[in-house]
Amino acid sequence: MKGAYSFMESALLLIILLRIFSGSIDISAALLMYKFNDLEKAFYINTMLALVGPCVLIITTGIALFGLAEKISITRMVCLFAGITLILISLRSE
């Protein structure tokens with residue numbers, strides 16, 4: 001039991017670090033937009049950010065589910081990944 005607990009602590013730390021990294025990218029992008037003071041460049045930077053968000057979402061959710069694998073049923077895991085997939089599809093649809 002202690003091994004599973006220490007893994008969950010590692011998973012939690014990894015999720016926290018990924019979210020801090022993601023937030024740092026967002027803040028850096030905002031500072032670049034301010035520095036360039038150009039709508040076209042801001043639009044380009046914002047478009048690049050659209051790639052980071054879903055990737056971090058998928059990675060952090062995967063880490064959390066792997067850490068909680070013993071506590072969550074397979075049906076619930078499938079539903080969570082289906083929900084993430086629908087979010088990603090909705091972002092790409094017009």
# chains A, B, ... in the order shown; residues from 1 in each chain; ligands from 1
$ residues_around --residues "range 12-27 of chain A" --least-positions-apart "4" --cutoff "10 Å" --atoms "only C-alpha atoms" --output "list in words"
Ser6, Phe7, Met8, Leu31, Leu32, Met33, Ile45, Asn46, Leu49, Val52, Gly53, Cys55, Val56, Leu57, Ile59, Thr60, Thr61, Gly62, Ile63, Ala64 and Gly67 of chain A
$ write_last_selection --atoms "C-alpha atoms" --output "PDB file, in the first residue's frame"
ATOM      1  CA  SER A   6       4.286   7.200  -2.931  1.00  0.00           C
ATOM      2  CA  PHE A   7       3.465   6.785  -6.629  1.00  0.00           C
ATOM      3  CA  MET A   8       0.366   8.935  -6.203  1.00  0.00           C
ATOM      4  CA  LEU A  31       4.455  39.188 -22.349  1.00  0.00           C
ATOM      5  CA  LEU A  32       5.554  38.530 -25.937  1.00  0.00           C
ATOM      6  CA  MET A  33       2.227  39.849 -27.219  1.00  0.00           C
ATOM      7  CA  ILE A  45       1.317  33.444 -30.622  1.00  0.00           C
ATOM      8  CA  ASN A  46      -2.227  32.696 -29.472  1.00  0.00           C
ATOM      9  CA  LEU A  49      -0.882  28.325 -27.426  1.00  0.00           C
ATOM     10  CA  VAL A  52      -0.117  23.547 -25.628  1.00  0.00           C
ATOM     11  CA  GLY A  53      -3.434  23.521 -23.736  1.00  0.00           C
ATOM     12  CA  CYS A  55      -1.539  18.487 -24.806  1.00  0.00           C
ATOM     13  CA  VAL A  56      -1.218  19.426 -21.133  1.00  0.00           C
ATOM     14  CA  LEU A  57      -4.848  18.398 -20.545  1.00  0.00           C
ATOM     15  CA  ILE A  59      -0.969  14.368 -20.297  1.00  0.00           C
ATOM     16  CA  THR A  60      -2.173  15.461 -16.847  1.00  0.00           C
ATOM     17  CA  THR A  61      -5.392  13.462 -17.152  1.00  0.00           C
ATOM     18  CA  GLY A  62      -3.426  10.394 -18.224  1.00  0.00           C
ATOM     19  CA  ILE A  63      -1.051  10.746 -15.278  1.00  0.00           C
ATOM     20  CA  ALA A  64      -3.955  11.162 -12.855  1.00  0.00           C
ATOM     21  CA  GLY A  67      -2.189   7.026 -10.521  1.00  0.00           C
TER      22      GLY A  67
END
$ atom_distance --atom1 "CA of Leu51 in chain A" --atom2 "CA of Arg92 in chain A"
11.3 Å
$ residues_around --residues "Ala82 in chain A" --least-positions-apart "6" --cutoff "12 Å" --atoms "only C-alpha atoms" --output "list in words"
Ile58, Thr61, Thr75, Arg76, Leu88 and Ile89 of chain A
$ closest_residue --among "A:Val78, A:Ile84, A:Leu68, A:Ala29" --to "Thr47 in chain A" --atoms "only C-alpha atoms"
A:Ala29
$ atom_distance --atom1 "CA of Ile72 in chain A" --atom2 "CA of Pro54 in chain A"
22.6 Å
$ closest_residue --among "A:Phe36, A:Glu9, A:Leu91, A:Ser73" --to "Ala50 in chain A" --atoms "only C-alpha atoms"
A:Leu91
$ atom_distance --atom1 "CA of Ile87 in chain A" --atom2 "CA of Leu39 in chain A"
27.3 Å
